[in-house]
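A.B. asks: Attaching a single structure in structure tokens format; questions to follow.
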Amino acid sequence: MSDQGYYTRVGAYLDPFLAEEFPNGICQQEITVVMSDDSGAPSWRTLSPAVCYLPAGQARELATQLLALADKSERWEQAR
């Protein structure tokens, strides 16, 4: 991954204009996840932003995994 670079910022957003309402009355709102390279490097060395849209269930699963990894990382840091 070091040869390719890495993203320095990640954000998650709800865009009400991306909500989709179906004929059966169900409304689906996707979560937008954006990763960008705000490292201050010259533009020719930065990565293009990566964007993905997640339904609520997948976003919740990702958030759960991230929280579990953050807990493990904090325990590891405190043990050192």
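By convention in this document, the chains of the structure tokens carry letters A, B, ... by their order, each chain's residues are numbered from 1, and ligands are numbered from 1 in the order they are shown.
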Pick out each residue of region 11-71 of chain A that DSSP on the backbone tags as strand (DSSP E or B); I need them as a ChimeraX atom specification.
C.D. replies: /A:11-14,20-21,27-28,31-36,50-54
A.B. asks: Quick one: residues within 9 Å of Ser48 (chain A), only C-alpha atoms counted, chain neighbours fewer than 4 positions away excluded, as a list in words?
C.D. replies: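 The residues that qualify are Met35, Ser36 and Asp37 of chain A.
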A.B. asks: Output N, CA and C atoms for every residue in that selection, as a PDB file, in the first residue's frame.
C.D. replies:
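And here is the file that came out, again_27.pdb:
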ATOM      1  N   MET A  35     -13.394   9.076   0.963  1.00  0.00           N
ATOM      2  CA  MET A  35     -12.007   9.066   1.425  1.00  0.00           C
ATOM      3  C   MET A  35     -11.213   9.990   0.510  1.00  0.00           C
ATOM      4  N   SER A  36     -10.414  10.849   1.121  1.00  0.00           N
ATOM      5  CA  SER A  36      -9.647  11.795   0.320  1.00  0.00           C
ATOM      6  C   SER A  36      -8.226  11.917   0.854  1.00  0.00           C
ATOM      7  N   ASP A  37      -7.376  12.480   0.037  1.00  0.00           N
ATOM      8  CA  ASP A  37      -5.970  12.680   0.374  1.00  0.00           C
ATOM      9  C   ASP A  37      -5.750  14.173   0.578  1.00  0.00           C
TER      10      ASP A  37
END
A.B. asks: Within 12 Å of Ala41 (chain A), counting only C-alpha atoms, which residues qualify if same-chain residues fewer than 6 places away don't, as a PyMOL selection string?
C.D. replies: chain A and resi 5-8+47
A.B. asks: With N, CA and C atoms retained, write the just-selected residues as an mmCIF file, in the first residue's frame.
C.D. replies:
data_model
loop_
_atom_site.group_PDB
_atom_site.id
_atom_site.type_symbol
_atom_site.label_atom_id
_atom_site.label_comp_id
_atom_site.auth_asym_id
_atom_site.auth_seq_id
_atom_site.Cartn_x
_atom_site.Cartn_y
_atom_site.Cartn_z
ATOM 1 N N GLY A 5 0.234 4.969 -1.946
ATOM 2 C CA GLY A 5 -0.175 6.077 -1.103
ATOM 3 C C GLY A 5 -1.350 5.666 -0.238
ATOM 4 N N TYR A 6 -1.879 6.614 0.501
ATOM 5 C CA TYR A 6 -3.018 6.308 1.355
ATOM 6 C C TYR A 6 -3.848 7.560 1.555
ATOM 7 N N TYR A 7 -5.094 7.340 1.911
ATOM 8 C CA TYR A 7 -6.005 8.451 2.154
ATOM 9 C C TYR A 7 -5.780 8.994 3.558
ATOM 10 N N THR A 8 -5.859 10.292 3.710
ATOM 11 C CA THR A 8 -5.607 10.918 5.004
ATOM 12 C C THR A 8 -6.879 11.362 5.707
ATOM 13 N N LEU A 47 -3.995 11.160 -4.209
ATOM 14 C CA LEU A 47 -4.966 10.192 -4.713
ATOM 15 C C LEU A 47 -6.277 10.893 -5.018
#
A.B. asks: Taking 4 positions as the minimum chain separation for residues in the same chain, which residues sit within 9 Å of Ala12 (chain A) when counting only C-alpha atoms? Answer as a count of residues only.
C.D. replies: 5
A.B. asks: Which one of A:Phe22, A:Ala63, A:Gln29, A:Thr46 sits closest to Gln4 (chain A) if you count only C-alpha atoms?
C.D. replies: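 Answer, going by the shortest atom-to-atom distance: A:Thr46.
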A.B. asks: By how many Å are CA of Cys52 (chain A) and CA of Glu20 (chain A) apart?
C.D. replies: 16.4 Å
